[in-house]
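Printed here is target_13.txt (compact mmCIF, N, CA and C atoms):
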# COMPACT_ATOMS: atom_id res chain seq x y z
N MET A 10 5.64 -3.08 2.16
CA MET A 10 6.47 -3.22 1.00
C MET A 10 7.91 -3.48 1.41
N GLY A 11 8.45 -2.77 2.35
CA GLY A 11 9.73 -3.12 2.93
C GLY A 11 10.92 -3.04 1.99
N HIS A 12 10.96 -2.06 1.15
CA HIS A 12 12.11 -1.90 0.26
C HIS A 12 12.25 -0.42 -0.09
N GLU A 13 13.41 -0.06 -0.55
CA GLU A 13 13.57 1.27 -1.10
C GLU A 13 13.16 1.22 -2.56
N ARG A 14 12.54 2.29 -3.05
CA ARG A 14 12.15 2.31 -4.46
C ARG A 14 13.35 2.04 -5.33
N GLY A 15 13.14 1.29 -6.41
CA GLY A 15 14.24 0.94 -7.30
C GLY A 15 14.84 -0.41 -6.99
N LEU A 16 14.53 -0.99 -5.84
CA LEU A 16 15.06 -2.30 -5.47
C LEU A 16 13.95 -3.35 -5.43
N ALA A 17 12.88 -3.10 -6.15
CA ALA A 17 11.70 -3.96 -6.07
C ALA A 17 11.90 -5.27 -6.82
N ARG A 18 11.28 -6.32 -6.23
CA ARG A 18 11.25 -7.63 -6.87
C ARG A 18 9.87 -8.23 -6.67
N GLY A 19 9.55 -9.31 -7.42
CA GLY A 19 8.32 -10.06 -7.24
C GLY A 19 7.07 -9.21 -7.38
N TYR A 20 6.17 -9.34 -6.40
CA TYR A 20 4.89 -8.62 -6.44
C TYR A 20 5.11 -7.12 -6.62
N ILE A 21 6.02 -6.55 -5.86
CA ILE A 21 6.25 -5.10 -5.92
C ILE A 21 6.68 -4.68 -7.32
N ALA A 22 7.50 -5.49 -7.97
CA ALA A 22 7.94 -5.18 -9.33
C ALA A 22 6.79 -5.24 -10.32
N SER A 23 5.71 -5.96 -9.99
CA SER A 23 4.57 -6.08 -10.89
C SER A 23 3.68 -4.84 -10.87
N LEU A 24 3.89 -3.94 -9.93
CA LEU A 24 3.00 -2.80 -9.76
C LEU A 24 3.29 -1.70 -10.77
N GLU A 25 2.22 -1.15 -11.29
CA GLU A 25 2.29 0.09 -12.05
C GLU A 25 1.85 1.17 -11.07
N LEU A 26 2.67 2.16 -10.85
CA LEU A 26 2.47 3.10 -9.75
C LEU A 26 2.60 4.53 -10.21
N ARG A 27 1.65 5.36 -9.80
CA ARG A 27 1.71 6.81 -9.95
C ARG A 27 1.71 7.35 -8.53
N HIS A 28 2.81 7.92 -8.09
CA HIS A 28 3.03 8.24 -6.67
C HIS A 28 3.48 9.68 -6.51
N ARG A 29 3.04 10.30 -5.41
CA ARG A 29 3.59 11.61 -5.04
C ARG A 29 3.57 11.76 -3.53
N ASP A 30 4.68 12.27 -3.01
CA ASP A 30 4.75 12.59 -1.59
C ASP A 30 4.01 13.91 -1.39
N VAL A 31 3.13 13.96 -0.40
CA VAL A 31 2.30 15.13 -0.16
C VAL A 31 2.91 15.98 0.95
N ALA A 32 3.36 15.33 2.01
CA ALA A 32 3.93 16.00 3.18
C ALA A 32 4.69 14.92 3.96
N PRO A 33 5.51 15.32 4.93
CA PRO A 33 6.16 14.27 5.74
C PRO A 33 5.11 13.34 6.35
N GLY A 34 5.29 12.04 6.14
CA GLY A 34 4.37 11.06 6.68
C GLY A 34 3.11 10.86 5.86
N ARG A 35 3.05 11.45 4.66
CA ARG A 35 1.83 11.34 3.86
C ARG A 35 2.16 11.25 2.37
N ALA A 36 1.43 10.38 1.66
CA ALA A 36 1.62 10.21 0.22
C ALA A 36 0.29 9.86 -0.44
N GLN A 37 0.23 10.10 -1.73
CA GLN A 37 -0.92 9.71 -2.53
C GLN A 37 -0.42 8.88 -3.70
N ALA A 38 -1.21 7.90 -4.11
CA ALA A 38 -0.79 7.04 -5.20
C ALA A 38 -1.99 6.41 -5.88
N TRP A 39 -1.79 6.07 -7.14
CA TRP A 39 -2.68 5.19 -7.89
C TRP A 39 -1.85 4.01 -8.30
N LEU A 40 -2.36 2.79 -8.14
CA LEU A 40 -1.60 1.63 -8.55
C LEU A 40 -2.50 0.52 -9.05
N ARG A 41 -1.90 -0.34 -9.85
CA ARG A 41 -2.51 -1.57 -10.30
C ARG A 41 -1.39 -2.57 -10.50
N SER A 42 -1.75 -3.85 -10.55
CA SER A 42 -0.75 -4.90 -10.70
C SER A 42 -0.93 -5.61 -12.03
N ARG A 43 0.19 -5.98 -12.61
CA ARG A 43 0.19 -6.77 -13.85
C ARG A 43 0.26 -8.27 -13.52
N GLN A 44 0.26 -8.63 -12.24
CA GLN A 44 0.42 -10.02 -11.81
C GLN A 44 -0.91 -10.57 -11.31
N ASP A 45 -1.22 -11.82 -11.66
CA ASP A 45 -2.41 -12.48 -11.13
C ASP A 45 -2.22 -12.75 -9.64
N LEU A 46 -3.32 -12.66 -8.89
CA LEU A 46 -3.27 -13.01 -7.47
C LEU A 46 -2.92 -14.49 -7.33
N VAL A 47 -3.59 -15.33 -8.10
CA VAL A 47 -3.28 -16.76 -8.19
C VAL A 47 -3.07 -17.04 -9.67
N GLU A 48 -1.86 -17.47 -10.02
CA GLU A 48 -1.50 -17.66 -11.41
C GLU A 48 -2.51 -18.54 -12.15
N GLY A 49 -3.02 -18.02 -13.27
CA GLY A 49 -3.95 -18.76 -14.10
C GLY A 49 -5.39 -18.80 -13.61
N GLU A 50 -5.67 -18.16 -12.47
CA GLU A 50 -7.02 -18.17 -11.90
C GLU A 50 -7.67 -16.80 -12.06
N GLU A 51 -8.94 -16.81 -12.40
CA GLU A 51 -9.73 -15.57 -12.46
C GLU A 51 -10.04 -15.13 -11.03
N VAL A 52 -9.76 -13.89 -10.72
CA VAL A 52 -9.99 -13.35 -9.37
C VAL A 52 -10.98 -12.20 -9.48
N GLY A 53 -11.91 -12.12 -8.56
CA GLY A 53 -12.91 -11.06 -8.56
C GLY A 53 -12.31 -9.69 -8.26
N GLY A 54 -13.05 -8.67 -8.61
CA GLY A 54 -12.60 -7.30 -8.43
C GLY A 54 -12.32 -6.92 -6.98
N LEU A 55 -13.13 -7.42 -6.05
CA LEU A 55 -12.93 -7.09 -4.65
C LEU A 55 -11.63 -7.68 -4.13
N ALA A 56 -11.34 -8.94 -4.46
CA ALA A 56 -10.08 -9.58 -4.03
C ALA A 56 -8.88 -8.84 -4.62
N ARG A 57 -8.96 -8.46 -5.88
CA ARG A 57 -7.87 -7.72 -6.52
C ARG A 57 -7.67 -6.37 -5.84
N PHE A 58 -8.77 -5.67 -5.56
CA PHE A 58 -8.72 -4.36 -4.93
C PHE A 58 -8.08 -4.44 -3.55
N LEU A 59 -8.51 -5.41 -2.74
CA LEU A 59 -7.98 -5.52 -1.38
C LEU A 59 -6.53 -6.01 -1.36
N THR A 60 -6.13 -6.82 -2.33
CA THR A 60 -4.72 -7.20 -2.44
C THR A 60 -3.87 -5.95 -2.62
N LEU A 61 -4.31 -5.06 -3.49
CA LEU A 61 -3.57 -3.81 -3.71
C LEU A 61 -3.63 -2.91 -2.48
N ALA A 62 -4.76 -2.91 -1.77
CA ALA A 62 -4.88 -2.08 -0.56
C ALA A 62 -3.84 -2.46 0.48
N ASP A 63 -3.45 -3.73 0.50
CA ASP A 63 -2.43 -4.20 1.45
C ASP A 63 -1.06 -3.58 1.18
N THR A 64 -0.91 -2.92 0.06
CA THR A 64 0.36 -2.27 -0.31
C THR A 64 0.51 -0.90 0.34
N ALA A 65 -0.53 -0.37 0.95
CA ALA A 65 -0.52 0.99 1.48
C ALA A 65 0.61 1.25 2.48
N ASN A 66 0.99 0.25 3.26
CA ASN A 66 2.01 0.47 4.29
C ASN A 66 3.37 0.82 3.70
N GLY A 67 3.59 0.61 2.42
CA GLY A 67 4.87 0.94 1.81
C GLY A 67 4.87 2.22 1.00
N LEU A 68 3.76 2.94 0.97
CA LEU A 68 3.69 4.14 0.13
C LEU A 68 4.41 5.34 0.70
N VAL A 69 4.46 5.45 2.01
CA VAL A 69 5.09 6.61 2.65
C VAL A 69 6.51 6.24 3.04
N GLN A 70 7.45 6.83 2.37
CA GLN A 70 8.87 6.59 2.67
C GLN A 70 9.38 7.73 3.55
N GLY A 71 10.20 7.42 4.49
CA GLY A 71 10.78 8.43 5.36
C GLY A 71 12.17 7.99 5.79
N PRO A 72 12.96 8.91 6.27
CA PRO A 72 14.33 8.55 6.65
C PRO A 72 14.40 7.48 7.72
N GLU A 73 13.40 7.39 8.60
CA GLU A 73 13.42 6.38 9.66
C GLU A 73 13.21 4.98 9.09
N ARG A 74 12.78 4.86 7.85
CA ARG A 74 12.48 3.55 7.27
C ARG A 74 13.50 3.12 6.22
N ARG A 75 14.42 3.95 5.83
CA ARG A 75 15.40 3.57 4.80
C ARG A 75 16.29 2.45 5.31
N GLY A 76 16.36 1.37 4.53
CA GLY A 76 17.18 0.23 4.92
C GLY A 76 16.54 -0.69 5.94
N TRP A 77 15.31 -0.42 6.33
CA TRP A 77 14.59 -1.24 7.30
C TRP A 77 13.42 -1.94 6.62
N PHE A 78 12.92 -2.99 7.25
CA PHE A 78 11.68 -3.62 6.83
C PHE A 78 10.56 -3.06 7.70
N TYR A 79 9.36 -2.95 7.16
CA TYR A 79 8.24 -2.40 7.93
C TYR A 79 6.96 -3.15 7.58
N PRO A 80 6.91 -4.44 7.93
CA PRO A 80 5.72 -5.23 7.62
C PRO A 80 4.51 -4.79 8.44
N ASN A 81 3.34 -4.94 7.83
CA ASN A 81 2.13 -4.73 8.62
C ASN A 81 1.76 -6.06 9.27
N VAL A 82 1.32 -5.98 10.52
CA VAL A 82 0.95 -7.19 11.26
C VAL A 82 -0.55 -7.45 11.21
N ASP A 83 -1.31 -6.49 10.72
CA ASP A 83 -2.73 -6.71 10.49
C ASP A 83 -3.22 -5.68 9.49
N LEU A 84 -4.43 -5.90 9.01
CA LEU A 84 -5.07 -4.97 8.08
C LEU A 84 -6.56 -5.02 8.36
N THR A 85 -7.16 -3.85 8.52
CA THR A 85 -8.60 -3.74 8.69
C THR A 85 -9.13 -2.84 7.59
N ALA A 86 -10.09 -3.33 6.82
CA ALA A 86 -10.67 -2.56 5.73
C ALA A 86 -12.16 -2.35 5.98
N HIS A 87 -12.63 -1.15 5.68
CA HIS A 87 -14.04 -0.81 5.74
C HIS A 87 -14.40 -0.20 4.40
N LEU A 88 -15.23 -0.88 3.64
CA LEU A 88 -15.67 -0.39 2.33
C LEU A 88 -17.16 -0.08 2.39
N PHE A 89 -17.56 1.02 1.78
CA PHE A 89 -18.98 1.36 1.78
C PHE A 89 -19.64 1.14 0.42
N ARG A 90 -18.84 0.69 -0.57
CA ARG A 90 -19.41 0.28 -1.85
C ARG A 90 -18.42 -0.63 -2.56
N GLU A 91 -18.90 -1.34 -3.56
CA GLU A 91 -18.05 -2.24 -4.35
C GLU A 91 -17.11 -1.42 -5.23
N PRO A 92 -15.81 -1.66 -5.18
CA PRO A 92 -14.87 -0.93 -6.04
C PRO A 92 -14.96 -1.42 -7.48
N THR A 93 -14.59 -0.53 -8.42
CA THR A 93 -14.61 -0.87 -9.84
C THR A 93 -13.27 -0.50 -10.47
N GLY A 94 -12.96 -1.14 -11.57
CA GLY A 94 -11.77 -0.81 -12.35
C GLY A 94 -10.50 -1.43 -11.79
N PRO A 95 -9.44 -1.40 -12.59
CA PRO A 95 -8.18 -2.03 -12.19
C PRO A 95 -7.30 -1.18 -11.28
N TRP A 96 -7.55 0.13 -11.21
CA TRP A 96 -6.69 1.02 -10.42
C TRP A 96 -7.23 1.21 -9.01
N VAL A 97 -6.33 1.32 -8.05
CA VAL A 97 -6.67 1.64 -6.67
C VAL A 97 -5.96 2.94 -6.30
N GLY A 98 -6.74 3.91 -5.87
CA GLY A 98 -6.19 5.18 -5.40
C GLY A 98 -6.05 5.14 -3.90
N MET A 99 -4.95 5.73 -3.40
CA MET A 99 -4.70 5.73 -1.97
C MET A 99 -4.21 7.09 -1.51
N ASP A 100 -4.81 7.58 -0.45
CA ASP A 100 -4.33 8.77 0.25
C ASP A 100 -3.90 8.26 1.62
N THR A 101 -2.60 8.14 1.83
CA THR A 101 -2.05 7.41 2.96
C THR A 101 -1.27 8.32 3.90
N ALA A 102 -1.48 8.11 5.20
CA ALA A 102 -0.69 8.78 6.23
C ALA A 102 -0.15 7.72 7.18
N VAL A 103 1.07 7.91 7.65
CA VAL A 103 1.67 6.97 8.59
C VAL A 103 2.19 7.73 9.80
N SER A 104 2.01 7.14 10.96
CA SER A 104 2.52 7.71 12.21
C SER A 104 3.31 6.62 12.92
N TRP A 105 4.47 7.00 13.47
CA TRP A 105 5.34 6.03 14.17
C TRP A 105 5.48 6.41 15.63
N GLY A 106 5.39 5.40 16.49
CA GLY A 106 5.61 5.59 17.91
C GLY A 106 7.08 5.39 18.25
N PRO A 107 7.47 5.69 19.48
CA PRO A 107 8.89 5.61 19.86
C PRO A 107 9.45 4.19 19.90
N GLY A 108 8.60 3.17 19.99
CA GLY A 108 9.07 1.80 20.07
C GLY A 108 9.16 1.08 18.74
N GLY A 109 9.01 1.81 17.62
CA GLY A 109 9.10 1.18 16.30
C GLY A 109 7.79 0.59 15.81
N HIS A 110 6.67 0.99 16.43
CA HIS A 110 5.36 0.54 15.98
C HIS A 110 4.67 1.72 15.32
N GLY A 111 3.91 1.44 14.28
CA GLY A 111 3.25 2.51 13.56
C GLY A 111 1.87 2.14 13.10
N LEU A 112 1.16 3.14 12.60
CA LEU A 112 -0.18 2.97 12.05
C LEU A 112 -0.23 3.64 10.69
N THR A 113 -0.63 2.87 9.68
CA THR A 113 -0.88 3.41 8.36
C THR A 113 -2.38 3.54 8.20
N ALA A 114 -2.86 4.74 7.85
CA ALA A 114 -4.28 5.00 7.64
C ALA A 114 -4.46 5.50 6.21
N THR A 115 -5.34 4.85 5.46
CA THR A 115 -5.48 5.13 4.04
C THR A 115 -6.95 5.27 3.64
N VAL A 116 -7.25 6.32 2.87
CA VAL A 116 -8.54 6.43 2.21
C VAL A 116 -8.37 5.80 0.83
N LEU A 117 -9.22 4.82 0.51
CA LEU A 117 -9.15 4.10 -0.76
C LEU A 117 -10.12 4.70 -1.77
N HIS A 118 -9.67 4.75 -3.02
CA HIS A 118 -10.48 5.30 -4.11
C HIS A 118 -10.46 4.36 -5.31
N ASP A 119 -11.49 4.45 -6.15
CA ASP A 119 -11.43 3.89 -7.49
C ASP A 119 -11.70 5.05 -8.44
N ASP A 120 -11.93 4.77 -9.72
CA ASP A 120 -12.09 5.86 -10.67
C ASP A 120 -13.37 6.66 -10.47
N ALA A 121 -14.30 6.17 -9.65
CA ALA A 121 -15.53 6.90 -9.36
C ALA A 121 -15.48 7.71 -8.07
N GLY A 122 -14.41 7.56 -7.28
CA GLY A 122 -14.29 8.32 -6.04
C GLY A 122 -13.95 7.43 -4.86
N PRO A 123 -14.14 7.94 -3.63
CA PRO A 123 -13.81 7.16 -2.43
C PRO A 123 -14.62 5.88 -2.33
N VAL A 124 -13.98 4.84 -1.79
CA VAL A 124 -14.57 3.51 -1.63
C VAL A 124 -14.61 3.10 -0.16
N GLY A 125 -13.63 3.55 0.62
CA GLY A 125 -13.55 3.17 2.02
C GLY A 125 -12.19 3.51 2.61
N ARG A 126 -11.84 2.81 3.68
CA ARG A 126 -10.58 3.06 4.39
C ARG A 126 -9.91 1.74 4.72
N VAL A 127 -8.60 1.80 4.90
CA VAL A 127 -7.85 0.65 5.38
C VAL A 127 -6.87 1.16 6.44
N ALA A 128 -6.70 0.38 7.51
CA ALA A 128 -5.73 0.69 8.56
C ALA A 128 -4.82 -0.51 8.73
N GLN A 129 -3.53 -0.24 8.95
CA GLN A 129 -2.55 -1.30 9.14
C GLN A 129 -1.65 -0.94 10.31
N LEU A 130 -1.48 -1.87 11.24
CA LEU A 130 -0.47 -1.73 12.28
C LEU A 130 0.83 -2.26 11.71
N CYS A 131 1.92 -1.53 11.90
CA CYS A 131 3.21 -1.89 11.31
C CYS A 131 4.29 -1.92 12.38
N THR A 132 5.37 -2.63 12.06
CA THR A 132 6.55 -2.65 12.92
C THR A 132 7.77 -2.34 12.06
N LEU A 133 8.74 -1.67 12.66
CA LEU A 133 10.03 -1.46 12.01
C LEU A 133 10.95 -2.61 12.40
N ARG A 134 11.56 -3.23 11.41
CA ARG A 134 12.46 -4.37 11.67
C ARG A 134 13.79 -4.13 11.00
N ARG A 135 14.86 -4.27 11.77
CA ARG A 135 16.20 -4.13 11.23
C ARG A 135 16.52 -5.34 10.34
N PRO A 136 17.03 -5.12 9.13
CA PRO A 136 17.39 -6.27 8.28
C PRO A 136 18.48 -7.12 8.91
N ALA A 137 18.43 -8.41 8.64
CA ALA A 137 19.47 -9.31 9.13
C ALA A 137 20.81 -8.99 8.48
N GLY A 138 21.88 -9.14 9.21
CA GLY A 138 23.21 -8.95 8.63
C GLY A 138 23.91 -7.82 9.11
Just give me the structure of the file as structure tokens.
Amino acid sequence: MGHERGLARGYIASLELRHRDVAPGRAQAWLRSRQDLVEGEEVGGLARFLTLADTANGLVQGPERRGWFYPNVDLTAHLFREPTGPWVGMDTAVSWGPGGHGLTATVLHDDAGPVGRVAQLCTLRRPAG
């Protein structure tokens, strides 16, 4: 996500989010988007769900990330059933190494319970300027 809350634009601004910090390095959230993945195109539930899962790397805010960008450089998802409904639940933990590299690990949920996991490798990037 790469922004401080309240400064959202574009895709991030389209999100409806219910968020709570659980502990340092950990957060839980439910989210859905009011924006089409491809404008005017019907998108299946799995594509919509995984698009939202890619947002997990921005759920845990910490002092080391304020004012920095933290893009994920990859995403690996393992689902054990087809997700349902417009909401995606996430129980996310992030760990950072000394070189500015991190791992976001998330348990994904829908309204029926757990669906799978997603992992993202992330980097901390100083903003230009």
Q: Between atom N of A:His87 and atom CA of A:Phe58, measure the distance and give it in Å to one decimal.
A: 11.8 Å
Q.
I want to know what sits within 6 Å of A:Ala114, based on all atoms listed in the file, with residues of the same chain fewer than 3 positions away left out; could you give that as a ChimeraX atom specification?
A. /A:100-103,127-129
Q. Hey, which of A:Leu130, A:Val116, A:Leu61, A:Val82 ends up closest to A:Leu40? Count all atoms listed in the file.
A.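 Checking each of A:Leu130, A:Val116, A:Leu61, A:Val82 against A:Leu40, counting all atoms listed in the file, the winner is A:Leu61.
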Q | Backbone-only DSSP, strand (DSSP E) members of chain A, as number ranges by chain | A | A: 24-32, 35-42, 81-88, 97-105, 110-119, 122-132
**Q.** Distance criterion (all atoms listed in the file): nearest to A:Asn66 out of A:Val124, A:Leu133, A:Val47, A:Leu112
**A.**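 Of all the options, A:Leu112 lies closest to A:Asn66.
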Q: Could you find all residues in chain A that DSSP calls alpha helix (DSSP H) from the backbone, and write them as a VMD selection string?
A: chain A and resid 19 to 22 54 to 62
Q.
Could you check which residues have any atom within 7 Å of (-7.3, -7.0, 3.2), counting only N, CA and C atoms with coordinates taken straight from the file, and then list them as a ChimeraX atom specification?
A. /A:59-60,62-63,84-86
**Q.** Spatial neighbours of A:Arg27, 6 Å, all atoms listed in the file, chain gap at least 2 places, as a ChimeraX atom specification
**A.** /A:25,29,37-40
Q) What does the distance between atom CA of A:Gly54 and atom N of A:Asn81 come to in Å, to one decimal place? A)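 The value is 22.9 Å.
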**Q.** Between atom CA of A:Glu91 and atom CA of A:Asp119, distance in Å (one decimal)
**A.**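 Taking atom CA of A:Glu91 as the start and atom CA of A:Asp119 as the end point, the length is 9.6 Å.
Using only C-alpha atoms, the nearest neighbour of A:Trp77 within the list A:Ala22, A:Ala137, A:Ala36, A:Ala121 is A:Ala137.
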